[in-house]
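Undergrad: Please find coords_1.txt (compact mmCIF, C-alpha atoms) on the next line:
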# COMPACT_ATOMS: atom_id res chain seq x y z
CA MET A 1 166.54 152.33 135.14
CA LYS A 2 166.73 149.59 132.65
CA ARG A 3 163.74 147.28 132.29
CA ALA A 4 164.38 143.59 132.34
CA TYR A 5 163.18 141.75 129.32
CA ALA A 6 162.45 138.01 129.22
CA THR A 7 165.03 136.21 127.24
CA GLY A 8 162.51 133.46 126.07
CA ARG A 9 159.59 133.96 123.72
CA LYS A 10 156.31 132.09 123.19
CA ARG A 11 156.80 129.41 120.63
CA GLY A 12 154.22 128.37 118.01
CA MET A 13 153.33 124.73 117.09
CA THR A 14 155.71 122.96 114.86
CA ILE A 15 154.48 121.35 111.66
CA LEU A 16 154.92 117.90 113.21
CA GLU A 17 152.85 118.81 116.25
CA LEU A 18 150.17 120.29 114.02
CA LEU A 19 149.99 117.08 112.00
CA VAL A 20 149.71 114.98 115.14
CA CYS A 21 146.88 117.14 116.50
CA THR A 22 145.09 117.09 113.18
CA SER A 23 145.34 113.30 113.00
CA LEU A 24 143.96 112.95 116.53
CA LEU A 25 141.08 115.28 115.74
CA ALA A 26 140.30 113.42 112.50
CA THR A 27 140.31 110.09 114.35
CA ILE A 28 137.92 111.43 116.98
CA LEU A 29 135.58 112.88 114.34
CA LEU A 30 135.59 109.68 112.31
CA SER A 31 134.75 107.67 115.43
CA VAL A 32 131.89 110.03 116.25
CA PHE A 33 130.56 109.86 112.68
CA ALA A 34 130.82 106.04 112.71
CA VAL A 35 128.79 105.86 115.92
CA ILE A 36 126.19 108.25 114.52
CA GLU A 37 125.97 106.30 111.26
CA ARG A 38 125.69 102.99 113.10
CA ASP A 39 122.96 104.28 115.39
CA THR A 40 121.12 105.87 112.48
CA HIS A 41 121.30 102.64 110.47
CA LEU A 42 120.11 100.64 113.46
CA ALA A 43 117.27 103.07 114.09
CA ARG A 44 116.19 102.95 110.45
CA SER A 45 116.44 99.14 110.32
CA THR A 46 114.51 98.73 113.56
CA LEU A 47 111.92 101.17 112.30
CA GLY A 48 111.68 99.19 109.07
CA ILE A 49 111.00 95.96 110.96
CA ALA A 50 108.46 97.69 113.20
CA VAL A 51 106.67 99.16 110.18
CA ALA A 52 106.56 95.74 108.47
CA GLU A 53 105.10 94.13 111.59
CA THR A 54 102.59 96.93 112.02
CA LYS A 55 101.45 96.59 108.41
CA ALA A 56 101.17 92.82 108.79
CA GLN A 57 99.06 93.25 111.93
CA GLN A 58 96.87 95.74 110.10
CA MET A 59 96.45 93.25 107.26
CA LEU A 60 95.33 90.61 109.75
CA ARG A 61 92.77 93.02 111.17
CA ASP A 62 91.51 93.73 107.62
CA ILE A 63 91.25 89.98 106.95
CA GLU A 64 89.33 89.47 110.20
CA ALA A 65 86.90 92.24 109.25
CA GLU A 66 86.52 90.86 105.73
CA LEU A 67 85.77 87.33 106.96
CA ALA A 68 83.63 88.22 109.98
CA ASP A 69 80.45 86.99 108.24
CA ALA A 70 82.06 84.94 105.49
CA ARG A 71 81.39 81.39 104.37
CA GLY A 72 84.45 79.36 103.44
CA THR A 73 84.91 76.52 101.00
CA ASN A 74 87.56 73.99 100.02
CA PRO A 75 87.91 73.92 96.22
CA ILE A 76 88.23 70.27 95.15
CA ALA A 77 87.33 68.72 91.79
CA GLN A 78 87.71 65.57 89.70
CA VAL A 79 89.16 65.24 86.23
CA THR A 80 86.41 64.17 83.78
CA MET A 81 88.60 64.05 80.67
CA GLY A 82 92.14 62.70 80.84
CA LEU A 83 94.97 65.23 80.55
CA GLY A 84 97.99 64.17 78.51
CA SER A 85 101.56 65.15 79.23
CA GLY A 86 102.38 68.42 77.51
CA SER A 87 98.74 69.40 76.94
CA THR A 88 98.25 73.11 77.69
CA ALA A 89 94.89 74.04 76.14
CA GLU A 90 92.45 73.04 78.89
CA LEU A 91 91.72 70.74 81.79
CA VAL A 92 88.16 69.40 82.00
CA VAL A 93 86.69 68.72 85.47
CA ASP A 94 83.31 68.20 87.09
CA SER A 95 83.13 71.75 88.51
CA THR A 96 85.35 74.82 88.90
CA LEU A 97 83.07 76.42 91.52
CA GLY A 98 85.12 78.03 94.26
CA PHE A 99 88.32 78.00 92.20
CA PRO A 100 89.67 81.48 91.33
CA ASP A 101 89.55 82.49 87.67
CA GLU A 102 93.34 82.10 87.62
CA GLY A 103 95.67 80.25 89.92
CA THR A 104 97.51 76.98 90.54
CA LEU A 105 96.15 73.44 90.76
CA LEU A 106 97.57 70.44 92.59
CA LEU A 107 96.83 67.15 90.82
CA GLU A 108 97.28 63.65 92.23
CA ARG A 109 98.98 64.88 95.38
CA GLY A 110 100.97 62.26 97.26
CA THR A 111 101.54 60.09 94.18
CA ALA A 112 104.30 59.64 91.60
CA ASN A 113 102.17 61.75 89.21
CA GLU A 114 101.89 64.73 91.55
CA GLU A 115 101.90 67.96 89.53
CA ARG A 116 101.25 71.64 90.07
CA LEU A 117 100.04 73.56 87.05
CA SER A 118 98.71 77.06 86.55
CA TYR A 119 95.75 78.33 84.55
CA ASN A 120 94.54 81.82 83.70
CA GLY A 121 90.91 81.36 82.77
CA LEU A 122 87.70 79.39 83.38
CA GLY A 123 85.33 78.14 80.69
CA GLY A 124 82.95 75.46 79.55
CA GLY A 125 80.12 76.56 81.81
CA GLY A 126 82.19 76.04 84.95
CA THR A 127 83.94 72.80 83.91
CA ARG A 128 87.24 73.90 82.32
CA PHE A 129 90.55 75.42 83.37
CA LEU A 130 92.15 77.20 80.42
CA ASN A 131 95.66 78.12 79.22
CA LEU A 132 97.72 75.72 81.31
CA VAL A 133 101.37 76.00 82.31
CA ARG A 134 102.67 72.60 83.35
CA GLY A 135 105.14 71.23 85.90
CA LEU A 136 105.42 74.17 88.32
CA GLN A 137 106.95 74.44 91.82
CA CYS A 138 109.41 71.58 91.50
CA THR A 139 106.95 69.08 89.97
CA GLN A 140 107.02 67.36 86.58
CA ASP A 141 104.57 67.44 83.69
CA ALA A 142 102.60 64.17 83.92
CA THR A 143 99.63 62.35 82.41
CA HIS A 144 96.44 62.41 84.51
CA ALA A 145 93.62 59.94 83.97
CA THR A 146 89.89 60.53 84.17
CA GLY A 147 88.62 60.38 87.75
CA VAL A 148 91.73 61.62 89.58
CA GLN A 149 91.32 64.37 92.16
CA LEU A 150 92.72 67.88 92.07
CA LEU A 151 92.85 70.72 94.59
CA TRP A 152 93.30 74.45 94.37
CA SER A 153 96.87 74.80 95.66
CA GLY A 154 95.76 77.42 98.16
CA LEU A 155 93.75 74.82 100.05
CA ALA A 156 94.92 73.43 103.38
CA GLU A 157 92.37 71.39 105.33
CA PRO A 158 92.63 68.81 108.12
CA ILE A 159 92.27 65.22 106.90
CA ALA A 160 89.62 62.95 108.40
CA LEU A 161 92.00 60.40 109.92
CA GLN A 162 94.21 62.09 112.52
CA THR A 163 95.64 58.98 114.22
CA ASN A 164 98.54 57.35 112.33
CA PRO A 165 97.32 58.41 108.87
CA PRO A 166 99.02 56.90 105.80
CA ALA A 167 101.88 59.09 104.55
CA ALA A 168 100.24 59.61 101.16
CA SER A 169 97.08 61.06 102.74
CA TRP A 170 98.63 64.24 104.18
CA ASP A 171 101.04 67.00 103.17
CA GLY A 172 101.90 68.55 106.51
CA ARG A 173 101.34 68.58 110.25
CA ALA A 174 100.48 71.92 111.89
CA LEU A 175 100.33 72.76 115.57
CA GLU A 176 96.86 73.98 116.51
CA ALA A 177 95.29 74.87 119.85
CA THR A 178 93.97 71.31 120.14
CA GLY A 179 97.35 69.76 119.29
CA PRO A 180 99.06 68.53 116.11
CA VAL A 181 96.79 68.41 113.04
CA PHE A 182 97.55 66.53 109.80
CA PHE A 183 96.44 68.45 106.72
CA ARG A 184 96.53 68.23 102.94
CA GLY A 185 97.28 71.02 100.48
CA ASP A 186 99.75 73.89 100.41
CA GLY A 187 97.77 76.37 102.52
CA THR A 188 98.61 79.48 100.52
CA GLY A 189 95.06 80.71 100.05
CA PHE A 190 91.44 80.71 101.16
CA SER A 191 88.24 80.80 99.05
CA TYR A 192 85.05 82.34 100.44
CA ARG A 193 81.87 84.37 99.97
CA VAL A 194 80.09 86.93 102.13
CA PRO A 195 76.41 87.86 102.57
CA VAL A 196 75.17 90.19 99.81
CA ASP A 197 72.02 92.00 98.79
CA PRO A 198 72.07 92.09 94.96
CA THR A 199 69.25 94.67 94.96
CA GLY A 200 71.55 97.27 96.53
CA ALA A 201 68.89 98.26 99.07
CA ASN A 202 69.76 100.56 101.95
CA PRO A 203 69.84 99.10 104.52
CA PRO A 204 70.69 95.82 102.78
CA ASN A 205 68.50 92.74 103.09
CA TYR A 206 70.71 89.67 102.95
CA LEU A 207 67.81 87.17 103.06
CA ASN A 208 66.02 85.72 100.04
CA ASP A 209 62.33 84.87 99.87
CA ASP A 210 63.01 81.63 101.76
CA ASP A 211 64.73 83.52 104.59
CA GLU A 212 68.10 82.10 103.58
CA LEU A 213 71.27 84.14 103.34
CA ARG A 214 72.33 85.20 99.86
CA TRP A 215 76.03 84.68 99.23
CA GLY A 216 78.40 86.44 96.86
CA HIS A 217 80.65 89.48 96.90
CA ASP A 218 80.97 93.04 95.64
CA LEU A 219 82.24 93.10 92.06
CA GLY A 220 81.33 96.58 90.87
CA GLY A 221 78.21 96.09 92.98
CA PRO A 222 76.88 93.30 95.23
CA THR A 223 76.15 90.14 93.25
CA GLU A 224 75.55 86.47 93.98
CA ASP A 225 77.69 85.61 90.95
CA ALA A 226 80.90 86.82 92.61
CA TRP A 227 83.38 84.81 94.64
CA ALA A 228 86.56 85.89 96.46
CA CYS A 229 89.83 84.44 97.67
CA LEU A 230 92.95 85.44 99.58
CA TYR A 231 96.17 84.02 98.20
CA PHE A 232 99.96 84.31 98.24
CA VAL A 233 101.80 85.74 95.23
CA ALA A 234 105.59 85.38 95.06
CA LYS A 235 107.46 88.56 94.10
CA THR A 236 111.16 88.01 94.87
CA SER A 237 113.36 85.36 96.49
CA TYR A 238 115.91 84.97 99.27
CA ASP A 239 118.74 82.43 99.11
CA GLU A 240 120.20 81.43 102.49
CA SER A 241 123.50 80.41 100.91
CA ALA A 242 124.13 83.99 99.73
CA THR A 243 124.40 85.27 103.32
CA GLY A 244 124.85 82.12 105.40
CA ASP A 245 121.70 82.84 107.44
CA ASP A 246 119.42 80.00 108.57
CA LEU A 247 116.05 81.74 108.31
CA ASN A 248 113.87 78.72 109.11
CA ARG A 249 116.19 77.33 111.81
CA ASP A 250 116.49 73.89 110.23
CA GLY A 251 120.22 73.63 110.83
CA ASP A 252 121.43 74.42 107.30
CA THR A 253 121.80 77.41 104.98
CA ASN A 254 120.72 75.69 101.76
CA ASP A 255 117.09 76.83 101.49
CA VAL A 256 115.58 79.30 99.06
CA PHE A 257 112.48 81.29 100.01
CA ASP A 258 109.85 82.94 97.86
CA ILE A 259 109.02 86.38 99.26
CA GLY A 260 105.67 87.82 98.30
CA GLN A 261 102.35 89.39 99.15
CA ILE A 262 98.88 88.33 100.27
CA ARG A 263 96.34 89.50 97.70
CA ARG A 264 92.55 89.43 97.48
CA ARG A 265 90.93 88.46 94.21
CA ILE A 266 87.21 88.73 93.33
CA TRP A 267 85.83 87.11 90.18
CA ASN A 268 82.54 86.28 88.46
CA THR A 269 81.67 82.57 88.56
CA VAL A 270 78.94 82.84 85.89
CA ASP A 271 80.49 85.17 83.31
CA PRO A 272 84.17 84.31 82.64
CA ALA A 273 84.50 87.44 80.52
CA ALA A 274 83.60 89.74 83.42
CA GLN A 275 86.49 91.83 84.73
CA SER A 276 88.01 90.50 87.95
CA ARG A 277 89.32 92.72 90.73
CA GLU A 278 92.52 92.25 92.69
CA LEU A 279 94.08 94.12 95.59
CA GLY A 280 97.31 93.71 97.56
CA LEU A 281 96.55 93.55 101.29
CA GLY A 282 99.94 94.23 102.82
CA PRO A 283 103.71 94.46 102.37
CA SER A 284 105.54 92.16 99.95
CA ASN A 285 107.66 90.45 102.59
CA VAL A 286 105.71 87.29 103.43
CA MET A 287 107.89 84.14 103.37
CA GLN A 288 107.31 80.68 101.90
CA GLU A 289 109.98 78.03 101.38
CA ARG A 290 110.40 77.32 97.67
CA CYS A 291 109.14 73.88 96.62
CA ASN A 292 107.73 73.48 100.13
CA TRP A 293 105.02 76.11 100.44
CA GLY A 294 103.24 75.64 103.76
CA GLY A 295 106.34 74.04 105.33
CA ASP A 296 108.05 74.64 108.68
CA LEU A 297 109.36 78.22 108.90
CA ASP A 298 110.43 78.46 112.54
CA GLY A 299 112.18 75.16 113.18
CA ASP A 300 109.68 73.86 115.74
CA GLY A 301 109.04 70.64 113.82
CA PHE A 302 105.53 71.65 112.71
CA ASP A 303 104.46 73.01 109.32
CA ASP A 304 103.19 76.55 108.91
CA PRO A 305 100.53 76.90 106.19
CA LEU A 306 99.50 80.51 105.62
CA PHE A 307 95.83 79.53 105.76
CA LEU A 308 94.54 76.36 107.48
CA TRP A 309 90.77 76.05 107.14
CA ASP A 310 89.01 73.64 109.51
CA ARG A 311 85.59 73.26 107.98
CA GLU A 312 84.07 71.33 110.87
CA ALA A 313 85.23 73.85 113.50
CA ARG A 314 84.59 76.80 111.15
CA ARG A 315 88.04 78.06 112.13
CA LEU A 316 90.60 79.67 109.85
CA HIS A 317 94.15 79.89 111.22
CA VAL A 318 96.22 82.57 109.47
CA ARG A 319 100.01 82.47 109.93
CA LEU A 320 102.33 85.05 108.40
CA PHE A 321 106.12 84.97 108.60
CA ILE A 322 107.50 88.41 107.75
CA LEU A 323 111.07 88.91 106.50
CA GLY A 324 112.75 92.14 107.64
CA ARG A 325 116.27 93.50 108.17
CA THR A 326 118.19 94.44 111.27
CA ASN A 327 121.46 96.29 111.80
CA ALA A 328 124.37 95.31 109.53
CA ASP A 329 121.70 94.26 107.01
CA VAL A 330 121.08 90.97 108.83
CA PRO A 331 117.73 89.33 107.92
CA ILE A 332 115.24 88.81 110.72
CA VAL A 333 111.95 86.89 110.70
CA ARG A 334 108.85 87.88 112.65
CA GLN A 335 105.60 85.91 112.97
CA VAL A 336 102.07 87.29 113.21
CA GLN A 337 98.98 85.10 113.32
CA SER A 338 95.26 85.16 113.93
CA LEU A 339 92.33 82.79 114.40
CA VAL A 340 89.21 83.77 112.46
CA PHE A 341 85.92 82.06 113.29
CA LEU A 342 83.54 82.19 110.36
CA ARG A 343 79.98 82.77 111.47
CA ASN A 344 78.15 80.68 108.92
CA GLU A 345 78.14 77.00 108.07
CA PRO A 346 80.75 76.25 105.39
CA GLU A 347 79.86 74.64 102.10
CA ASN A 348 80.28 71.00 101.19
Would you mind writing the file's structure down as structure tokens?
TA:
Amino acid sequence: MKRAYATGRKRGMTILELLVCTSLLATILLSVFAVIERDTHLARSTLGIAVAETKAQQMLRDIEAELADARGTNPIAQVTMGLGSGSTAELVVDSTLGFPDEGTLLLERGTANEERLSYNGLGGGGTRFLNLVRGLQCTQDATHATGVQLLWSGLAEPIALQTNPPAASWDGRALEATGPVFFRGDGTGFSYRVPVDPTGANPPNYLNDDDELRWGHDLGGPTEDAWACLYFVAKTSYDESATGDDLNRDGDTNDVFDIGQIRRRIWNTVDPAAQSRELGLGPSNVMQERCNWGGDLDGDGFDDPLFLWDREARRLHVRLFILGRTNADVPIVRQVQSLVFLRNEPEN
């Protein structure tokens, strides 16, 4: 008997069909990889923002611990020898006490002669700022007469008159728990001392023979000659026009921001030659608007100084605006803040 054989036979895939299948598979794989990459980028970006916020919160806790027993001051001085335009050798004042051994000064604020200048040394028995750099932060080199007032640019303090103050008497208006507060200064720093026992006894005895607290800081050992400050140092910049992002929500994309770090500096007020100490306290992503340090950073109509020191209430308000990144490399701003109540009476 003859067996019947099938006349057809199993066909293989044609080249065209193979190409179509391969293309479909490639498309599916590329889609999967795109989703994975997107999710990974988002996860990393979100993690980066979370880490930045966590570090900023940790920095605030460190600041609170540092200032728990501190005594604050508002560095203000008067020019005792006129400073000519272009002069860079020194600026002579009545006292440099409370001013860091290097930093930025604000002279004749609120006037046509307003100028910010930097210095990198103290001298003359506590009466001279040395090695000046003139006309900083969008101000012009100017002539300053004897008797005019200057501030450490880190200072921000409420002014005495809070009801309809003259425009020249204040630099900003912050929103505090008690309501709007007019203040003067840039608010990028805070100068202070803490109780010390210069004898190094264990346990320490912070009282002198008159049962008064001894003030200073640790500069290679506890000493009454040391002073400390927290202050903002710009590291990089961010230009809104480069990305079209309105970081401070003011309705335009024309602003430039200095991005930097909060640092702590300790120096010797008696011996200018003594080595100072400096330490970064957190990530380098703190924002300040260029040429408007201490200005409004969240579009609520109120200014946002980093440090606002109310001497009468013994209250220091710390505000930090942190710049991070989200998915698609979009910038995002987070705010962390704290109120620190200093335990001791502040200095005059």
Undergrad: Quick check, in Å to one decimal: how far apart do atom CA of A:Glu312 and atom CA of A:Tyr231 lie?
TA: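 So the two atoms, atom CA of A:Glu312 and atom CA of A:Tyr231, lie 21.6 Å apart.
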Undergrad: Expressed in Å to a single decimal, how great is the separation between atom CA of A:Glu278 and atom CA of A:Val336?
TA: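 Computed distance, atom CA of A:Glu278 to atom CA of A:Val336, equals 23.2 Å.
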Undergrad: Between A:Gly72, A:Pro331, A:Gly110, A:Pro305, single out the one closest to A:Leu175, counting only C-alpha atoms.
TA: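 Looking at the shortest contact to A:Leu175, the residue is A:Pro305.
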Undergrad: I'd like to know which of A:Val330, A:Ala89, A:Val194, A:Ala112 is closest to A:Leu247, using all atoms listed in the file.
TA: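 Nearest candidate to A:Leu247 out of A:Val330, A:Ala89, A:Val194, A:Ala112: A:Val330.
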Undergrad: I want to know what sits within 7 Å of A:Asn248, based on all atoms listed in the file, with residues of the same chain fewer than 5 positions away left out; could you give that as an mmCIF file with C-alpha atoms, in the frame of the given file?
TA:
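Just written: part.cif:
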data_model
loop_
_atom_site.group_PDB
_atom_site.id
_atom_site.type_symbol
_atom_site.label_atom_id
_atom_site.label_comp_id
_atom_site.auth_asym_id
_atom_site.auth_seq_id
_atom_site.Cartn_x
_atom_site.Cartn_y
_atom_site.Cartn_z
ATOM 1 C CA LEU A 297 109.360 78.220 108.900
ATOM 2 C CA ASP A 298 110.430 78.460 112.540
ATOM 3 C CA GLY A 299 112.180 75.160 113.180
#
Undergrad: Quick one: pull the distance between atom CA of A:Ser237 and atom CA of A:Gly324, Å, one decimal.
TA: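 It comes out at 13.1 Å.
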Undergrad: Find the residues near A:Gly187: any atom within 7 Å, counting all atoms listed in the file, skip ones fewer than 3 places away on the same chain, and give them as a ChimeraX atom specification.
TA: /A:154-156,294,305-308
Undergrad: Could you save those same residues with C-alpha atoms as a tab-separated table (two decimals), in the frame of the given file?
TA:
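And here is the file that came out, part32.tsv:
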chain	number	residue	atom	x	y	z
A	154	GLY	CA	95.76	77.42	98.16
A	155	LEU	CA	93.75	74.82	100.05
A	156	ALA	CA	94.92	73.43	103.38
A	294	GLY	CA	103.24	75.64	103.76
A	305	PRO	CA	100.53	76.90	106.19
A	306	LEU	CA	99.50	80.51	105.62
A	307	PHE	CA	95.83	79.53	105.76
A	308	LEU	CA	94.54	76.36	107.48
Undergrad: Using only C-alpha atoms, which of A:Gln137, A:Thr96, A:Gln57, A:Ser284 sits nearest A:Glu114?
TA: A:Gln137
Undergrad: Neighbouring residues of A:Leu106 were defined as those with any atom within 9 Å, considering only C-alpha atoms; residues of the same chain fewer than 6 positions away were excluded. Please report them as a list in words.
TA: Glu114, Glu115, Arg116, Leu117, Gln149, Leu150, Leu151, Trp152, Ser153, Gly185 and Asp186 of chain A
Undergrad: Can I get the selected residues back with C-alpha atoms, as a PDB file, keeping the file's coordinate frame?
TA:
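The result, stored in part16.pdb:
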ATOM      1  CA  GLU A 114     101.890  64.730  91.550  1.00  0.00           C
ATOM      2  CA  GLU A 115     101.900  67.960  89.530  1.00  0.00           C
ATOM      3  CA  ARG A 116     101.250  71.640  90.070  1.00  0.00           C
ATOM      4  CA  LEU A 117     100.040  73.560  87.050  1.00  0.00           C
ATOM      5  CA  GLN A 149      91.320  64.370  92.160  1.00  0.00           C
ATOM      6  CA  LEU A 150      92.720  67.880  92.070  1.00  0.00           C
ATOM      7  CA  LEU A 151      92.850  70.720  94.590  1.00  0.00           C
ATOM      8  CA  TRP A 152      93.300  74.450  94.370  1.00  0.00           C
ATOM      9  CA  SER A 153      96.870  74.800  95.660  1.00  0.00           C
ATOM     10  CA  GLY A 185      97.280  71.020 100.480  1.00  0.00           C
ATOM     11  CA  ASP A 186      99.750  73.890 100.410  1.00  0.00           C
TER      12      ASP A 186
END
Undergrad: Please return as a PyMOL selection string every residue within 12 Å of (101.6, 95.2, 109.7), taking into account all atoms listed in the file and the file's own coordinates.
TA: chain A and resi 48-63+262+281-286+320-324+334-337
Undergrad: Would you please work out which residue, of A:Asn205, A:Asn113, A:Thr199, A:Thr127, is nearest to A:Thr269 when using only C-alpha atoms?
TA: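 The shortest atom-to-atom distance to A:Thr269 comes from A:Thr127.
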Undergrad: Is there a way to get, as a PyMOL selection string, all residues within 12 Å of the point (86.5, 76.0, 78.1) in file coordinates, counting all atoms listed in the file?
TA: chain A and resi 89-93+95-96+101+119-132+272-273
Undergrad: Considering all atoms listed in the file, can you say which of A:Phe302, A:Trp170, A:Trp267, A:Phe183 comes closest to A:Pro158?
TA: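 Going through A:Phe302, A:Trp170, A:Trp267, A:Phe183 one by one, the smallest distance to A:Pro158 is for A:Phe183.
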Undergrad: Can you tell me which residues surround A:Gly220 at a distance of at most 12 Å, considering only C-alpha atoms, apart from same-chain residues fewer than 4 positions away, and format the answer as a VMD selection string?
TA: chain A and resid 198 200 225 to 226 266 to 268 274 to 277
Undergrad: If we count only C-alpha atoms, what is near A:Phe232 at a cut-off of 8 Å, once residues fewer than 3 positions away on the same chain are taken out, given as a list of chain:residue names?
TA: A:Thr188, A:Gly189, A:Gly260, A:Gln261, A:Ile262, A:Arg263
Undergrad: As JSON, please: the centre and edge lengths in Å, to one decimal, of an axis-aligned box enclosing every listed atom of stretch 187-196 of chain A with 4 Å added on each side.
TA:
{"center_x": 86.9, "center_y": 83.3, "center_z": 100.8, "size_x": 31.4, "size_y": 21.8, "size_z": 11.5}
Undergrad: Hey, which of A:Glu224, A:Asp94, A:Asp210, A:Asp304 ends up closest to A:Val318? Count only C-alpha atoms.
TA: A:Asp304
